[in-house]
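These notes concern the structure reproduced below.
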Amino acid sequence: MTGAPALVVGSGLVGAGIARRLAAAGDPVTLVSRHPPLLPPEGYGARWAALDITDAEACGRLLDRLRPGRVVLVHGPSDVTWCEEHPGEALAAHAGAADTFATLAPDALIVLISTDNVFDGASPHNTESTPVSPANAYGRAKRQAEETLLAKAARAVALRVSLVYGHEPADAGKWLNFFAACAHRLRCGERVEAPDDHWTTPVLLDDVAEVTAALLHAGHPLPPVLHLGGPDRVTRAEWATVVARALGAPADLVSPVPRARTRYASRPVNACLTSELLAALPATENITVRGVREGARLLASAFAGPPAV
């Protein structure tokens, strides 16, 4: 299906990374969001259009104009703390948009980027067959989006991803991904407090984009739910130490603290995903998902140079 129009809904770190990967494969890509992306998508071959995903009529006009063969939903508020404070708005944004695109794009293959927060954290290893039990309002909103999409769309996949990380500039805003936030602070010689009782399986942005592109180009049926987590199960404190070492910063700048003292208090203790299916799919069997140490080495040069002022 290379060359078929693709639509990526959401222009944050993950949405922009997926759009960049699809454009590199030669696909016509449109990236849509309420506000322009931090980095202009024209630089990597995509285009951007403004869209309020809560406006079903606007979504319909866009779909009539673009007629995408493939849609990636990376939409809605992703800050867990904000969603906990605004559960109704979070649910409306995530589930409402899934309903809209499932209804108005019946012939498209739709990939919904979902989350490990659909689990309560009781198990250190959540697979596709693990019963869901959302940990928080964000998890409940994403789970409802999954159910809505899979019930209404003829061809759809809910791709649950673990904590995604990659490079973002220091001025990207206060919700920098954890890796980038740590890297910028460590590079400035600042102390980083990170939970030593919150486990995750971090996954590199480039690997998320690679897997998503492979699913969109698959010429065979796909399972309704897939998991994508990195191969390493680490605490955020352990991960921050890996980042420090990759940057050549003193490891003792990382201070392990209890999760309850941080903004991660409402996250599941085990925000971890493993897959029983991904490696066996013809579309993804040759993709190697990289661990945190290799990911840190790959990203270290992007944070090199004098600290931002």
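Lettering and numbering for the structure tokens are positional, with chains as A, B, ... in the shown order, residues counted from 1 in each chain, and ligands counted from 1 in the shown order.
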Task: Shell around range 190-198 of chain A at 6 Å using only C-alpha atoms, local window under 4 positions removed, as a PyMOL selection string - done: chain A and resi 185-186+235-237+253-259+269
TODO: as an MDAnalysis selection string, please: all residues of range 20-229 of chain A that backbone DSSP puts in strand (DSSP E).
DONE: chainID A and resid 29:33 47:50 70:73 109:115 155:161 164:165 192:195 199:200 203:204 225:228
- [ ] Within 8 Å of Leu204 in chain A, counting only C-alpha atoms, which residues show up once you throw out same-chain ones fewer than 2 positions away? Write them as a PyMOL selection string, please.
- [x] chain A and resi 164-166+202+206-208+230+289-290+292+295
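Using only C-alpha atoms, the nearest neighbour of Val132 in chain A within the list A:Ala249, A:Val225, A:Leu62, A:Ala23 is A:Val225.
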Open item on the list: Can you tell me which residues surround range 299-301 of chain A at a distance of at most 12 Å, considering only C-alpha atoms, apart from same-chain residues fewer than 4 positions away, and format the answer as a count of residues only?
Closed with: 28
- [ ] Name the closest residue to Ala90 in chain A among the candidates A:Arg140, A:Arg47, A:His227, A:His220; distances are taken between atoms, counting only C-alpha atoms.
- [x] A:Arg140
Open item on the list: I need the helix (DSSP H, G or I) residues of range 139-306 of chain A per DSSP on the backbone, written as a PyMOL selection string.
Closed with: chain A and resi 139-152+170-172+178-187+205-216+236-247+251-253+259-261+278-280+292-303
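Residues in contact range of Ala158 in chain A, defined as at most 7 Å between only C-alpha atoms, with sequence neighbours fewer than 2 positions away removed, read Val111, Leu112, Ile113, Ser114, Glu146, Ala156, Arg160, Pro224, Val225 and Leu226 of chain A.
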Selection export as an mmCIF file, in the first residue's frame, atoms kept: C-alpha atoms:
```cif
data_model
loop_
_atom_site.group_PDB
_atom_site.id
_atom_site.type_symbol
_atom_site.label_atom_id
_atom_site.label_comp_id
_atom_site.auth_asym_id
_atom_site.auth_seq_id
_atom_site.Cartn_x
_atom_site.Cartn_y
_atom_site.Cartn_z
ATOM 1 C CA VAL A 111 -4.285 2.285 13.819
ATOM 2 C CA LEU A 112 -5.047 3.727 17.249
ATOM 3 C CA ILE A 113 -1.994 4.425 19.380
ATOM 4 C CA SER A 114 -3.107 3.340 22.854
ATOM 5 C CA GLU A 146 -10.216 1.077 21.742
ATOM 6 C CA ALA A 156 -8.518 -1.436 12.864
ATOM 7 C CA ARG A 160 -0.699 -0.165 22.875
ATOM 8 C CA PRO A 224 -7.251 -6.173 16.831
ATOM 9 C CA VAL A 225 -4.834 -5.495 19.702
ATOM 10 C CA LEU A 226 -1.039 -5.417 19.674
#
```
Skipping near chain neighbours, those fewer than 5 positions away, what residues fall within 12 Å of Pro40 in chain A using only C-alpha atoms, listed as a compact mmCIF listing (two decimals) with N, CA and C atoms, in the first residue's frame?
```txt
# COMPACT_ATOMS: atom_id res chain seq x y z
N SER A 11 -0.18 15.83 16.41
CA SER A 11 1.14 16.26 15.92
C SER A 11 2.18 16.38 17.03
N GLY A 12 2.00 15.63 18.11
CA GLY A 12 3.00 15.62 19.17
C GLY A 12 4.19 14.76 18.80
N ALA A 16 4.20 13.11 15.05
CA ALA A 16 5.18 13.66 14.13
C ALA A 16 6.20 12.61 13.71
N ALA A 19 4.48 10.34 11.15
CA ALA A 19 4.34 11.04 9.88
C ALA A 19 5.67 11.12 9.14
N ARG A 20 6.74 11.37 9.88
CA ARG A 20 8.07 11.45 9.27
C ARG A 20 8.47 10.11 8.65
N THR A 30 -0.59 13.61 5.54
CA THR A 30 -1.12 14.83 6.13
C THR A 30 -1.17 14.65 7.64
N LEU A 31 -0.62 15.61 8.35
CA LEU A 31 -0.62 15.62 9.81
C LEU A 31 -1.63 16.66 10.25
N VAL A 32 -2.55 16.29 11.15
CA VAL A 32 -3.58 17.25 11.59
C VAL A 32 -3.59 17.35 13.10
N HIS A 35 -3.36 22.66 17.01
CA HIS A 35 -2.30 23.65 16.94
C HIS A 35 -1.17 23.13 16.06
N GLY A 45 8.65 16.08 4.44
CA GLY A 45 7.80 15.61 3.36
C GLY A 45 6.34 15.46 3.68
N ALA A 46 5.90 15.91 4.85
CA ALA A 46 4.48 15.84 5.19
C ALA A 46 3.89 17.25 5.13
N ARG A 47 2.60 17.34 5.22
CA ARG A 47 1.94 18.64 5.30
C ARG A 47 1.05 18.66 6.52
N TRP A 48 0.73 19.86 7.01
CA TRP A 48 -0.08 19.99 8.21
C TRP A 48 -1.37 20.74 7.89
N ALA A 49 -2.45 20.33 8.57
CA ALA A 49 -3.72 21.02 8.46
C ALA A 49 -4.33 21.13 9.85
```
Open item on the list: Give me the residues near Ala4 in chain A as a PyMOL selection string, where near means some atom within 8 Å (using only C-alpha atoms) and where sequence neighbours in that chain fewer than 6 positions away do not count.
Closed with: chain A and resi 27-28+68-70
Open item on the list: Ranking A:Leu109, A:Asp99, A:Ala93, A:Thr54 by minimum distance to Leu7 in chain A and counting only C-alpha atoms, which one comes first?
Closed with: A:Leu109
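Atom pair CA of Leu73 in chain A / CA of Phe101 in chain A has a distance of 8.8 Å (rounded to one decimal).
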